[in-house]
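*Asks:* Below you'll find coords_23.txt; it's compact mmCIF, C-alpha atoms.
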# COMPACT_ATOMS: atom_id res chain seq x y z
CA MET G 1 105.50 28.30 183.12
CA ARG G 2 101.74 28.22 183.17
CA ALA G 3 99.91 24.90 183.36
CA ARG G 4 97.74 24.12 180.38
CA ASN G 5 96.97 21.41 177.85
CA LYS G 6 99.63 21.43 175.17
CA PHE G 7 100.16 19.33 172.08
CA LEU G 8 102.96 18.97 169.58
CA LEU G 9 101.75 19.45 166.03
CA SER G 10 102.39 16.55 163.68
CA ALA G 11 100.80 14.99 160.65
CA VAL G 12 99.40 12.09 162.67
CA MET G 13 97.29 14.29 164.96
CA MET G 14 94.61 15.51 162.55
CA THR G 15 91.73 14.18 164.64
CA LEU G 16 92.88 16.02 167.76
CA LEU G 17 93.71 19.22 165.88
CA SER G 18 90.45 19.46 163.97
CA SER G 19 88.57 20.56 167.08
CA THR G 20 90.62 23.72 167.43
CA MET G 21 91.92 24.49 163.95
CA ALA G 22 90.30 25.53 160.72
CA MET G 23 91.73 23.01 158.28
CA PRO G 24 92.69 24.39 154.86
CA SER G 25 91.16 22.72 151.84
CA THR G 26 94.50 22.28 150.05
CA TRP G 27 97.15 20.64 152.18
CA ALA G 28 99.83 21.22 149.58
CA ALA G 29 99.52 24.97 150.14
CA ALA G 30 98.81 25.19 153.89
CA GLY G 31 98.83 22.89 156.87
CA LEU G 32 101.29 20.91 158.99
CA ASN G 33 104.32 19.20 157.56
CA SER G 34 105.90 16.04 158.90
CA ASP G 35 108.30 18.08 161.04
CA GLY G 36 105.44 19.69 162.93
CA ARG G 37 105.80 23.10 161.28
CA ILE G 38 102.86 25.25 160.25
CA PHE G 39 102.91 26.62 156.71
CA ALA G 40 100.82 28.62 154.24
CA THR G 41 102.61 29.12 150.95
CA THR G 42 100.24 30.56 148.32
CA ALA G 43 98.03 33.62 148.03
CA ASP G 44 94.83 31.64 148.62
CA SER G 45 96.18 29.46 151.45
CA LYS G 46 95.15 30.00 155.06
CA PHE G 47 95.90 28.24 158.33
CA GLU G 48 94.01 29.05 161.53
CA SER G 49 94.32 27.73 165.08
CA THR G 50 92.10 29.15 167.82
CA GLY G 51 93.52 27.01 170.62
CA ASN G 52 96.85 26.53 172.35
CA THR G 53 99.40 25.33 169.82
CA THR G 54 102.93 24.00 170.15
CA ALA G 55 104.80 23.95 166.85
CA ASN G 56 108.34 23.60 165.57
CA GLY G 57 108.02 26.71 163.43
CA VAL G 58 105.65 28.88 161.39
CA VAL G 59 106.11 29.99 157.77
CA ALA G 60 103.82 32.15 155.61
CA SER G 61 105.10 32.89 152.11
CA ASP G 62 103.90 34.11 148.71
CA GLY G 63 100.73 35.61 150.17
CA GLY G 64 99.87 32.85 152.64
CA GLN G 65 98.02 33.69 155.88
CA VAL G 66 98.46 32.13 159.33
CA THR G 67 96.42 32.92 162.45
CA ILE G 68 97.24 31.34 165.82
CA GLY G 69 95.56 32.05 169.15
CA SER G 70 98.50 30.97 171.31
CA LEU G 71 101.85 29.63 170.11
CA ASP G 72 104.57 27.90 172.13
CA THR G 73 108.00 26.61 171.23
CA PRO G 74 108.43 22.91 172.10
CA ASP G 75 110.27 21.52 175.09
CA ALA G 76 113.84 20.49 174.40
CA SER G 77 112.92 16.79 174.42
CA GLN G 78 110.45 17.33 171.58
CA LEU G 79 112.70 19.12 169.10
CA PRO G 80 116.10 17.55 168.40
CA LYS G 81 117.31 20.25 166.01
CA ARG G 82 116.46 23.67 164.58
CA TYR G 83 115.05 23.64 161.09
CA ARG G 84 116.24 25.48 158.01
CA GLN G 85 114.19 28.66 157.95
CA PRO G 86 115.16 32.29 158.68
CA ALA G 87 113.37 32.40 162.05
CA PHE G 88 110.95 30.50 164.26
CA ILE G 89 108.16 32.70 162.83
CA THR G 90 108.90 33.61 159.20
CA GLY G 91 106.87 35.82 156.86
CA MET G 92 108.18 36.17 153.30
CA LEU G 93 107.01 37.72 150.02
CA ASN G 94 103.78 38.95 148.46
CA ASN G 95 102.13 40.42 151.55
CA SER G 96 102.07 37.21 153.54
CA SER G 97 100.65 37.64 157.05
CA ILE G 98 101.00 35.94 160.43
CA GLN G 99 98.86 36.72 163.49
CA VAL G 100 99.93 35.30 166.87
CA ASP G 101 97.86 36.52 169.83
CA GLY G 102 99.94 35.04 172.65
CA GLY G 103 102.14 32.19 173.79
CA VAL G 104 105.51 31.31 175.29
CA MET G 105 108.31 31.36 172.73
CA ASP G 106 112.02 30.95 173.45
CA VAL G 107 114.55 30.34 170.68
CA THR G 108 117.63 31.22 172.70
CA THR G 109 118.35 27.88 174.38
CA ALA G 110 118.54 24.14 173.67
CA PRO G 111 117.58 22.17 171.65
CA TRP G 112 118.86 24.54 168.97
CA LYS G 113 122.62 24.39 168.46
CA SER G 114 122.61 28.14 167.96
CA PRO G 115 119.86 30.70 168.47
CA TYR G 116 118.03 32.34 165.63
CA PRO G 117 115.45 35.16 165.49
CA VAL G 118 112.06 34.52 166.98
CA ALA G 119 110.44 36.45 164.10
CA PHE G 120 111.55 37.59 160.64
CA ALA G 121 109.54 39.63 158.10
CA TYR G 122 110.40 40.38 154.47
CA ASN G 123 107.63 41.73 152.22
CA SER G 124 105.13 40.50 154.79
CA LYS G 125 103.46 41.42 158.09
CA ILE G 126 103.69 39.69 161.47
CA ASN G 127 101.50 40.65 164.44
CA LEU G 128 102.64 39.41 167.86
CA GLY G 129 100.32 40.07 170.80
CA VAL G 130 98.45 42.79 168.89
CA ASP G 131 96.05 42.99 165.94
CA ASP G 132 95.93 45.14 162.82
CA ALA G 133 93.98 47.85 164.65
CA GLY G 134 96.71 48.16 167.29
CA THR G 135 94.66 46.49 170.04
CA VAL G 136 96.81 44.60 172.53
CA LYS G 137 95.50 41.07 173.11
CA HIS G 138 96.35 40.80 176.85
CA LYS G 139 96.93 37.05 176.61
CA VAL G 140 99.80 35.24 178.30
CA PHE G 141 102.75 36.33 176.16
CA ASN G 142 106.46 35.74 176.80
CA MET G 143 108.83 36.00 173.86
CA GLN G 144 112.61 35.52 174.02
CA GLY G 145 114.58 36.08 170.84
CA ASP G 146 115.39 38.91 168.45
CA VAL G 147 112.93 40.15 165.83
CA LEU G 148 114.16 41.23 162.41
CA VAL G 149 112.81 43.13 159.40
CA SER G 150 115.30 42.79 156.56
CA ASP G 151 116.02 41.73 153.00
CA LYS G 152 119.54 40.57 153.83
CA MET G 153 120.35 37.09 152.54
CA MET G 154 117.01 36.98 150.73
CA PRO G 155 116.60 36.25 146.99
CA PRO G 156 116.04 39.32 144.76
CA HIS G 157 112.43 40.42 144.55
CA GLN G 158 111.42 42.98 141.96
CA GLU G 159 108.68 44.79 143.86
CA GLN G 160 109.30 46.18 147.34
CA GLN G 161 106.29 45.45 149.54
CA PRO G 162 105.62 46.38 153.18
CA SER G 163 107.80 44.53 155.68
CA VAL G 164 106.29 44.98 159.14
CA ILE G 165 106.44 43.43 162.60
CA ASN G 166 103.94 44.71 165.19
CA ILE G 167 104.41 43.78 168.86
CA GLY G 168 101.87 44.33 171.65
CA LEU G 169 102.86 44.06 175.32
CA GLY G 170 99.98 44.09 177.78
CA ARG G 171 99.14 42.16 180.93
CA ALA G 172 97.53 38.78 181.61
CA HIS G 173 96.51 37.39 185.01
CA ASN G 174 98.02 40.51 186.62
CA SER G 175 101.46 39.77 185.15
CA PRO G 176 103.17 41.77 182.40
CA ASN G 177 103.75 40.41 178.92
CA GLN G 178 107.49 40.22 178.30
CA PHE G 179 109.68 40.49 175.24
CA SER G 180 113.42 39.88 175.61
CA GLY G 181 115.50 40.65 172.56
CA LYS G 182 116.48 43.25 170.01
CA ALA G 183 114.21 44.73 167.34
CA VAL G 184 116.41 45.21 164.27
CA ASN G 185 115.17 46.83 161.07
CA THR G 186 117.53 47.11 158.10
CA LEU G 187 114.74 48.37 155.81
CA GLU G 188 114.01 51.72 157.48
CA ASP G 189 114.86 53.59 154.28
CA LYS G 190 112.60 51.25 152.25
CA GLY G 191 109.48 51.48 154.40
CA GLY G 192 110.20 48.57 156.72
CA GLU G 193 108.70 48.92 160.21
CA ILE G 194 108.84 47.45 163.68
CA ASN G 195 106.08 48.93 165.83
CA MET G 196 105.47 48.38 169.55
CA THR G 197 102.36 49.05 171.61
CA PHE G 198 102.68 48.99 175.40
CA ASP G 199 99.76 48.50 177.76
CA GLY G 200 101.40 47.29 180.96
CA GLY G 201 104.07 45.05 179.44
CA MET G 202 107.87 44.98 179.54
CA TRP G 203 110.64 44.89 176.95
CA SER G 204 114.07 43.70 178.08
CA HIS G 205 116.35 45.14 175.41
CA ASP G 206 119.22 42.70 175.05
CA TYR G 207 120.78 40.71 172.24
CA MET G 208 119.54 37.11 172.24
CA GLY G 209 121.66 35.85 169.32
CA GLY G 210 121.07 34.58 165.81
CA LEU G 211 121.50 37.65 163.60
CA GLU G 212 124.96 36.71 162.35
CA SER G 213 123.48 34.44 159.68
CA PHE G 214 122.02 37.64 158.16
CA LYS G 215 125.45 39.32 158.17
CA ILE G 216 124.35 41.54 161.08
CA ASP G 217 126.48 42.15 164.17
CA GLY G 218 123.76 41.66 166.74
CA LYS G 219 125.94 42.77 169.63
CA THR G 220 126.34 46.30 168.27
CA GLU G 221 123.27 46.80 166.03
CA ARG G 222 120.74 49.25 167.46
CA SER G 223 117.05 48.52 167.82
CA SER G 224 114.78 50.67 165.65
CA ILE G 225 111.12 51.20 166.47
CA ASN G 226 109.05 53.11 163.94
CA ASN G 227 106.00 53.78 166.12
CA LEU G 228 106.16 53.25 169.87
CA THR G 229 102.80 53.66 171.59
CA GLY G 230 103.01 54.03 175.35
CA THR G 231 100.44 54.54 178.07
CA ARG G 232 98.47 57.65 178.99
CA THR G 233 100.62 58.37 182.05
CA ARG G 234 103.95 57.25 183.48
CA GLU G 235 102.03 55.17 186.04
CA GLY G 236 100.92 52.78 183.28
CA PHE G 237 103.63 50.25 184.31
CA SER G 238 104.87 49.90 180.72
CA ARG G 239 108.64 49.77 180.76
CA ILE G 240 111.81 49.09 178.83
CA ALA G 241 114.85 47.62 180.56
CA GLN G 242 117.88 48.95 178.69
CA ASP G 243 120.03 45.83 179.13
CA SER G 244 122.24 46.41 176.08
CA ARG G 245 125.02 48.82 175.24
CA SER G 246 123.32 49.38 171.89
CA ASP G 247 120.96 52.32 171.36
CA ILE G 248 117.20 52.22 171.00
CA HIS G 249 115.91 54.59 168.31
CA VAL G 250 112.23 55.53 168.17
CA ASN G 251 110.98 57.31 165.08
CA LYS G 252 107.66 58.40 166.67
CA LEU G 253 106.59 58.16 170.33
CA ASP G 254 102.95 58.49 171.32
CA GLY G 255 102.30 58.31 175.06
CA HIS G 256 104.49 57.65 178.09
CA ILE G 257 107.20 55.03 178.51
CA ASN G 258 109.53 54.17 181.41
CA VAL G 259 113.15 53.24 180.66
CA ILE G 260 115.22 51.47 183.33
CA TYR G 261 119.01 51.36 183.60
CA ASP G 262 120.06 48.65 186.04
CA MET G 263 123.56 48.37 187.49
CA SER G 264 122.81 46.26 190.55
CA ASP G 265 125.15 43.37 191.38
CA SER G 266 122.97 40.44 190.32
CA THR G 267 120.89 41.75 187.41
CA GLY G 268 122.64 44.86 186.12
CA LEU G 269 124.57 45.54 182.93
CA ASN G 270 128.08 45.37 184.38
CA PHE G 271 130.62 44.58 181.66
CA ALA G 272 133.09 47.42 182.21
CA LYS G 273 133.33 46.92 185.96
CA GLN G 274 131.53 45.13 188.75
CA GLY G 275 128.30 46.51 190.12
CA SER G 276 129.88 46.64 193.56
CA LYS G 277 132.29 49.28 192.24
CA LYS G 278 129.62 51.49 190.72
CA ASN G 279 128.36 54.44 192.74
CA GLY G 280 126.79 56.26 189.79
CA LEU G 281 129.13 59.24 189.93
CA ASP G 282 131.09 58.13 186.87
CA PRO G 283 129.07 58.49 183.63
CA ALA G 284 130.53 55.15 182.49
CA ASP G 285 128.78 53.41 185.39
CA ILE G 286 125.53 53.50 183.40
CA GLU G 287 126.48 51.14 180.59
CA GLY G 288 123.15 50.86 178.78
CA GLY G 289 122.85 52.48 175.36
CA ASN G 290 121.05 55.72 174.58
CA PHE G 291 117.29 56.09 174.18
CA ILE G 292 116.67 58.34 171.18
CA VAL G 293 113.31 59.76 170.13
CA LYS G 294 113.09 61.50 166.78
CA SER G 295 109.52 62.81 167.02
CA ALA G 296 106.69 62.67 169.54
CA ALA G 297 102.97 63.23 169.70
CA ALA G 298 101.81 66.09 171.92
CA GLY G 299 101.82 65.21 175.62
CA SER G 300 104.24 62.30 175.33
CA GLY G 301 106.84 61.55 177.99
CA VAL G 302 109.98 59.51 178.62
CA HIS G 303 110.88 58.63 182.20
CA GLY G 304 114.33 57.27 183.00
CA TYR G 305 115.27 55.34 186.12
CA VAL G 306 118.63 54.17 187.38
CA THR G 307 118.93 51.48 190.01
CA GLY G 308 121.96 49.96 191.71
CA ASP G 309 123.09 48.49 195.00
CA HIS G 310 125.85 51.02 195.68
CA LEU G 311 124.60 54.38 194.41
CA ASP G 312 126.13 57.19 196.43
CA THR G 313 123.25 59.47 197.40
CA SER G 314 124.99 60.80 200.51
CA SER G 315 124.85 64.41 199.31
CA GLU G 316 122.71 66.60 197.10
CA SER G 317 125.70 67.09 194.82
CA ASN G 318 126.07 63.34 194.36
CA VAL G 319 122.37 62.90 193.67
CA ASN G 320 122.47 65.60 191.00
CA LYS G 321 125.55 64.02 189.44
CA ILE G 322 123.85 60.61 189.18
CA LEU G 323 120.72 62.15 187.68
CA ASP G 324 122.77 64.19 185.21
CA ASN G 325 124.63 61.06 184.10
CA LEU G 326 121.30 59.33 183.52
CA ALA G 327 119.86 62.33 181.67
CA HIS G 328 122.66 62.12 179.10
CA LYS G 329 121.21 58.80 177.92
CA PHE G 330 118.13 60.50 176.44
CA TYR G 331 117.89 62.45 173.16
CA TYR G 332 115.03 64.26 171.41
CA GLU G 333 116.10 64.81 167.82
CA ASN G 334 113.31 67.06 166.55
CA TYR G 335 113.78 69.54 169.38
CA VAL G 336 116.32 71.37 167.22
CA LYS G 337 113.60 71.67 164.56
CA GLY G 338 111.24 73.42 166.96
CA GLU G 339 109.16 70.44 168.08
CA ARG G 340 108.18 70.65 171.76
CA ASN G 341 105.88 67.64 172.26
CA LEU G 342 108.08 65.51 174.51
CA SER G 343 108.77 65.92 178.22
CA GLY G 344 110.75 63.69 180.53
CA THR G 345 112.08 62.94 183.99
CA VAL G 346 115.00 61.03 185.48
CA SER G 347 114.84 59.31 188.87
CA ILE G 348 116.79 57.07 191.20
CA ALA G 349 115.13 53.80 192.18
CA SER G 350 116.06 51.11 194.70
CA LYS G 351 114.65 47.57 194.76
CA GLY G 352 111.82 48.64 192.49
CA ILE G 353 110.87 51.63 194.66
CA VAL G 354 111.28 55.09 193.19
CA SER G 355 112.97 57.47 195.59
CA SER G 356 112.30 61.16 195.98
CA TYR G 357 115.41 61.85 193.91
CA LYS G 358 113.97 63.08 190.63
CA LYS G 359 114.43 65.91 188.17
CA ALA G 360 112.97 66.99 184.85
CA LEU G 361 114.82 66.39 181.61
CA THR G 362 115.94 69.59 179.92
CA THR G 363 117.65 70.23 176.61
Show how you would write the structure in this file as C-alpha cells.

*Replies:*
Amino acid sequence: MRARNKFLLSAVMMTLLSSTMAMPSTWAAAGLNSDGRIFATTADSKFESTGNTTANGVVASDGGQVTIGSLDTPDASQLPKRYRQPAFITGMLNNSSIQVDGGVMDVTTAPWKSPYPVAFAYNSKINLGVDDAGTVKHKVFNMQGDVLVSDKMMPPHQEQQPSVINIGLGRAHNSPNQFSGKAVNTLEDKGGEINMTFDGGMWSHDYMGGLESFKIDGKTERSSINNLTGTRTREGFSRIAQDSRSDIHVNKLDGHINVIYDMSDSTGLNFAKQGSKKNGLDPADIEGGNFIVKSAAAGSGVHGYVTGDHLDTSSESNVNKILDNLAHKFYYENYVKGERNLSGTVSIASKGIVSSYKKALTT
C-alpha cells in the first residue's frame, strides 16, 4: 500500500474537502451524505474531486456526473458495514457518468459481510483508469472486485440508453496497474459494453464474488469484453492471468495481448488436482477457461503462456504436447468467415522467464 495523505469523507469535513473538491451548488442533488458516500442524482448535478479521496461508495443517477482523481475504499476500521447500493461505484439511468482516474479499491474482504461488485453500470457510463478518448491515466490503480453491466434486478426503464464500463490498465511508478475480477455484461445484445485498454497493466481474471444478488452465477459466467485494446507488440508487458475456469470473450481485439495460464503449486489454478501432479501432458492440467476472439484489427496478436513447477519438457514430443494443449485454449471466431487479421503464439514459461519452447498458433 502506498503512503499518502488520506481522508474519510463525511459531512463534518467540508473545510478540509473544499481545498480539493469542486463543491456543487445544490447539496440535495450532489455532494456527500452522512455515511460518507459521494452522490450526484439529477441531470444538472456534478461532483468533482481532484485529490486523493477515500469514500464509502459513489453513486451517479438520473444524469448526475461524478469525477474523482483518485478513489480508495476505506480501511476495515472505518466502515462497519456495506451500504445498500448495487456496487461500490454505481452508475444508473439517464446517461449518468462517473470518472475515476486511479486509486486502490477492494470490495472483496472485511468489513463487508459479503462482497459486491466494485462497479455497476445501467444506462450510464463509468470510466476507471481511462478517459472518454481512451487515454490511460497511468496513475496508481489497483482494483479488486467484479465489474458488471446489466439491467438485472433494476426497475423497468422505458428507453434503453448506453450502459458502458471502460477500464484502463497502465503503469505507475514502474509498477503495473492491476484489476482482479470478472467483467460481466448481460446487455451485449442491447448495446451494453465493457471495454479494456492495456498499456502495461495486468488483469487477473477470477471471480471475486457479489454477483449472486443480481441472479448471476459468478463462478460460471464468462467475462465479455467488447473492445480490447492491447499494445503495439507482445513486449508491451500487458497481460491477462486466466485464473478462472470461465471463458473470456473478446468481441474486437486491436493490438497485442499476453495471456498466462498458471498451474504452479502456490499460485496456479489447481482445483482438479494438485499442481505437483501436473506435468502439462494432460489437457486437463491447464484448467483456465478459453480465450475467444471474435474479430481483430489487422496486425493484432494473442500470445499464450503456460507456467508450472512440474512441466515435463524432457523431450521434444512432450514439449509439443504441452504447447498443443495450451493452443486449444485459443479461438478466433471470424477465421471461418475469411478474416485473417489475428496471429498468435504459445510458449512455456518458468518463474516469469519465457523459455525457447514456442510455436505459432494455427487454425

*Asks:* Ranking G:Lys46, G:Arg234, G:Lys277, G:Lys182 by minimum distance to G:Met143 and counting only C-alpha atoms, which one comes first?

*Replies:*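 So, comparing all the options, the nearest one is G:Lys182.
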
*Asks:* Return the single residue from G:Val149, G:Ala30, G:Val66, G:Val104 that is closest to G:Pro86, with distances computed using only C-alpha atoms.

*Replies:* G:Val149

*Asks:* May I have the residues within 9 Å of G:Glu287 as a list in words, using only C-alpha atoms and disregarding those fewer than 4 positions away in the same chain?

*Replies:*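 What passes the distance filter is Asp243, Ser244, Arg245, Tyr261, Asp262, Met263, Leu269, Asn270, Phe271, Ala272 and Pro283 of chain G.
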
*Asks:* Do you have the atom CA of G:Asn195-atom CA of G:Leu228 distance handy?

*Replies:*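 A separation of 5.9 Å between them.
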
*Asks:* Under the rule of at most 7 Å, produce a per-residue listing of stretch 24-124 of chain G near stretch 205-225 of chain G: chain, number, name, the closest pair of atoms, and the distance in Å, as JSON lines, using all atoms listed in the file.

*Replies:*
{"residue": "G:Thr108", "atom": "CA", "partner": "G:Met208", "partner_atom": "CA", "distance": 6.2}
{"residue": "G:Ser114", "atom": "CA", "partner": "G:Gly210", "partner_atom": "CA", "distance": 7.0}
{"residue": "G:Pro115", "atom": "CA", "partner": "G:Gly210", "partner_atom": "CA", "distance": 4.9}
{"residue": "G:Tyr116", "atom": "CA", "partner": "G:Gly210", "partner_atom": "CA", "distance": 3.8}
{"residue": "G:Pro117", "atom": "CA", "partner": "G:Gly210", "partner_atom": "CA", "distance": 5.7}

*Asks:* Could you check which of G:Tyr122, G:Phe141, G:Phe39, G:Trp203 is closest to G:Phe179, using all atoms listed in the file?

*Replies:*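 Of G:Tyr122, G:Phe141, G:Phe39, G:Trp203, the one nearest G:Phe179, counting all atoms listed in the file, is G:Trp203.
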
*Asks:* When distances are computed from all atoms listed in the file, which of G:Ala121, G:Ile89, G:Met202, G:Ile68 shows the smallest separation from G:Val107?

*Replies:*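 So, comparing all the options, the nearest one is G:Ile89.
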
*Asks:* Atom CA of G:Gln160 to atom CA of G:Leu187: how many Å, to one decimal?

*Replies:* 10.3 Å

*Asks:* For G:Thr135, please output as an mmCIF file with C-alpha atoms, in the frame of the given file all residues within 10 Å (counting all atoms listed in the file; exclusion window: fewer than 3 positions along the same chain).

*Replies:*
data_model
loop_
_atom_site.group_PDB
_atom_site.id
_atom_site.type_symbol
_atom_site.label_atom_id
_atom_site.label_comp_id
_atom_site.auth_asym_id
_atom_site.auth_seq_id
_atom_site.Cartn_x
_atom_site.Cartn_y
_atom_site.Cartn_z
ATOM 1 C CA GLY G 129 100.320 40.070 170.800
ATOM 2 C CA VAL G 130 98.450 42.790 168.890
ATOM 3 C CA ASP G 131 96.050 42.990 165.940
ATOM 4 C CA ASP G 132 95.930 45.140 162.820
ATOM 5 C CA HIS G 138 96.350 40.800 176.850
ATOM 6 C CA GLY G 168 101.870 44.330 171.650
ATOM 7 C CA GLY G 170 99.980 44.090 177.780
ATOM 8 C CA THR G 197 102.360 49.050 171.610
ATOM 9 C CA PHE G 198 102.680 48.990 175.400
ATOM 10 C CA ASP G 199 99.760 48.500 177.760
#

*Asks:* Can you measure atom CA of G:Gln242 to atom CA of G:Val164 for me? One decimal in Å is fine.

*Replies:*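 It comes out at 23.1 Å.
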
*Asks:* Which protein, DNA or RNA residues are at most 7 Å from (104.2, 30.3, 159.6) in the file's coordinates when you count only C-alpha atoms, listed as a list in words?

*Replies:* Ile38, Phe39, Ala40, Gly57, Val58, Val59, Ala60, Val66, Ile89, Thr90, Gly91 and Ile98 of chain G

*Asks:* Determine, counting only C-alpha atoms, which protein, DNA and RNA residues have an atom within 9 Å of an atom of G:Ser295; residues of the same chain fewer than 4 positions away are not included. Present the result as JSON, numbers by chain.

*Replies:* {"G": [250, 251, 252, 253, 254, 332, 333, 334, 335, 339, 341, 342]}

*Asks:* Would you kindly return, as a PyMOL selection string, each protein, DNA or RNA residue with an atom no farther than 8 Å from any atom of G:Arg171, considering only C-alpha atoms and excluding same-chain residues fewer than 4 positions away?

*Replies:* chain G and resi 138-140+175-177+199-201

*Asks:* Write out as a count of residues only which residues come within 10 Å of G:Leu326 when counting only C-alpha atoms, dropping same-chain ones fewer than 3 positions away.

*Replies:* 22

*Asks:* Regenerate stretch 289-310 of chain G at the level of N, CA and C atoms and dump it as an mmCIF file, in the coordinates of the input.

*Replies:*
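Wrote rebuild05.cif, looks like this:
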data_model
loop_
_atom_site.group_PDB
_atom_site.id
_atom_site.type_symbol
_atom_site.label_atom_id
_atom_site.label_comp_id
_atom_site.auth_asym_id
_atom_site.auth_seq_id
_atom_site.Cartn_x
_atom_site.Cartn_y
_atom_site.Cartn_z
ATOM 1 N N GLY G 289 122.809 51.553 176.480
ATOM 2 C CA GLY G 289 122.850 52.480 175.360
ATOM 3 C C GLY G 289 121.862 53.617 175.497
ATOM 4 N N ASN G 290 121.926 54.548 174.561
ATOM 5 C CA ASN G 290 121.050 55.720 174.580
ATOM 6 C C ASN G 290 119.628 55.347 174.186
ATOM 7 N N PHE G 291 118.691 56.190 174.596
ATOM 8 C CA PHE G 291 117.290 56.090 174.180
ATOM 9 C C PHE G 291 116.987 57.363 173.399
ATOM 10 N N ILE G 292 116.767 57.206 172.089
ATOM 11 C CA ILE G 292 116.670 58.340 171.180
ATOM 12 C C ILE G 292 115.276 58.402 170.580
ATOM 13 N N VAL G 293 114.627 59.538 170.718
ATOM 14 C CA VAL G 293 113.310 59.760 170.130
ATOM 15 C C VAL G 293 113.450 60.831 169.054
ATOM 16 N N LYS G 294 113.038 60.508 167.849
ATOM 17 C CA LYS G 294 113.090 61.500 166.780
ATOM 18 C C LYS G 294 111.938 62.481 166.891
ATOM 19 N N SER G 295 110.712 61.968 166.981
ATOM 20 C CA SER G 295 109.520 62.810 167.020
ATOM 21 C C SER G 295 108.542 62.249 168.033
ATOM 22 N N ALA G 296 107.656 63.101 168.537
ATOM 23 C CA ALA G 296 106.690 62.670 169.540
ATOM 24 C C ALA G 296 105.355 63.347 169.322
ATOM 25 N N ALA G 297 104.298 62.634 169.687
ATOM 26 C CA ALA G 297 102.970 63.230 169.700
ATOM 27 C C ALA G 297 102.854 64.152 170.911
ATOM 28 N N ALA G 298 101.979 65.138 170.829
ATOM 29 C CA ALA G 298 101.810 66.090 171.920
ATOM 30 C C ALA G 298 101.460 65.368 173.216
ATOM 31 N N GLY G 299 102.112 65.780 174.313
ATOM 32 C CA GLY G 299 101.820 65.210 175.620
ATOM 33 C C GLY G 299 102.551 63.929 175.938
ATOM 34 N N SER G 300 103.498 63.537 175.096
ATOM 35 C CA SER G 300 104.240 62.300 175.330
ATOM 36 C C SER G 300 105.344 62.530 176.367
ATOM 37 N N GLY G 301 105.810 61.430 176.971
ATOM 38 C CA GLY G 301 106.840 61.550 177.990
ATOM 39 C C GLY G 301 107.731 60.331 178.072
ATOM 40 N N VAL G 302 109.008 60.569 178.367
ATOM 41 C CA VAL G 302 109.980 59.510 178.620
ATOM 42 C C VAL G 302 110.486 59.678 180.043
ATOM 43 N N HIS G 303 110.515 58.568 180.786
ATOM 44 C CA HIS G 303 110.880 58.630 182.200
ATOM 45 C C HIS G 303 111.974 57.611 182.475
ATOM 46 N N GLY G 304 113.175 58.121 182.783
ATOM 47 C CA GLY G 304 114.330 57.270 183.000
ATOM 48 C C GLY G 304 114.556 56.986 184.465
ATOM 49 N N TYR G 305 114.983 55.765 184.748
ATOM 50 C CA TYR G 305 115.270 55.340 186.120
ATOM 51 C C TYR G 305 116.628 54.646 186.134
ATOM 52 N N VAL G 306 117.397 54.902 187.168
ATOM 53 C CA VAL G 306 118.630 54.170 187.380
ATOM 54 C C VAL G 306 118.528 53.473 188.730
ATOM 55 N N THR G 307 118.963 52.231 188.765
ATOM 56 C CA THR G 307 118.930 51.480 190.010
ATOM 57 C C THR G 307 120.253 50.754 190.180
ATOM 58 N N GLY G 308 120.712 50.645 191.406
ATOM 59 C CA GLY G 308 121.960 49.960 191.710
ATOM 60 C C GLY G 308 122.075 49.745 193.206
ATOM 61 N N ASP G 309 122.943 48.828 193.580
ATOM 62 C CA ASP G 309 123.090 48.490 195.000
ATOM 63 C C ASP G 309 124.016 49.440 195.744
ATOM 64 N N HIS G 310 124.808 50.228 195.022
ATOM 65 C CA HIS G 310 125.850 51.020 195.680
ATOM 66 C C HIS G 310 125.832 52.481 195.239
#
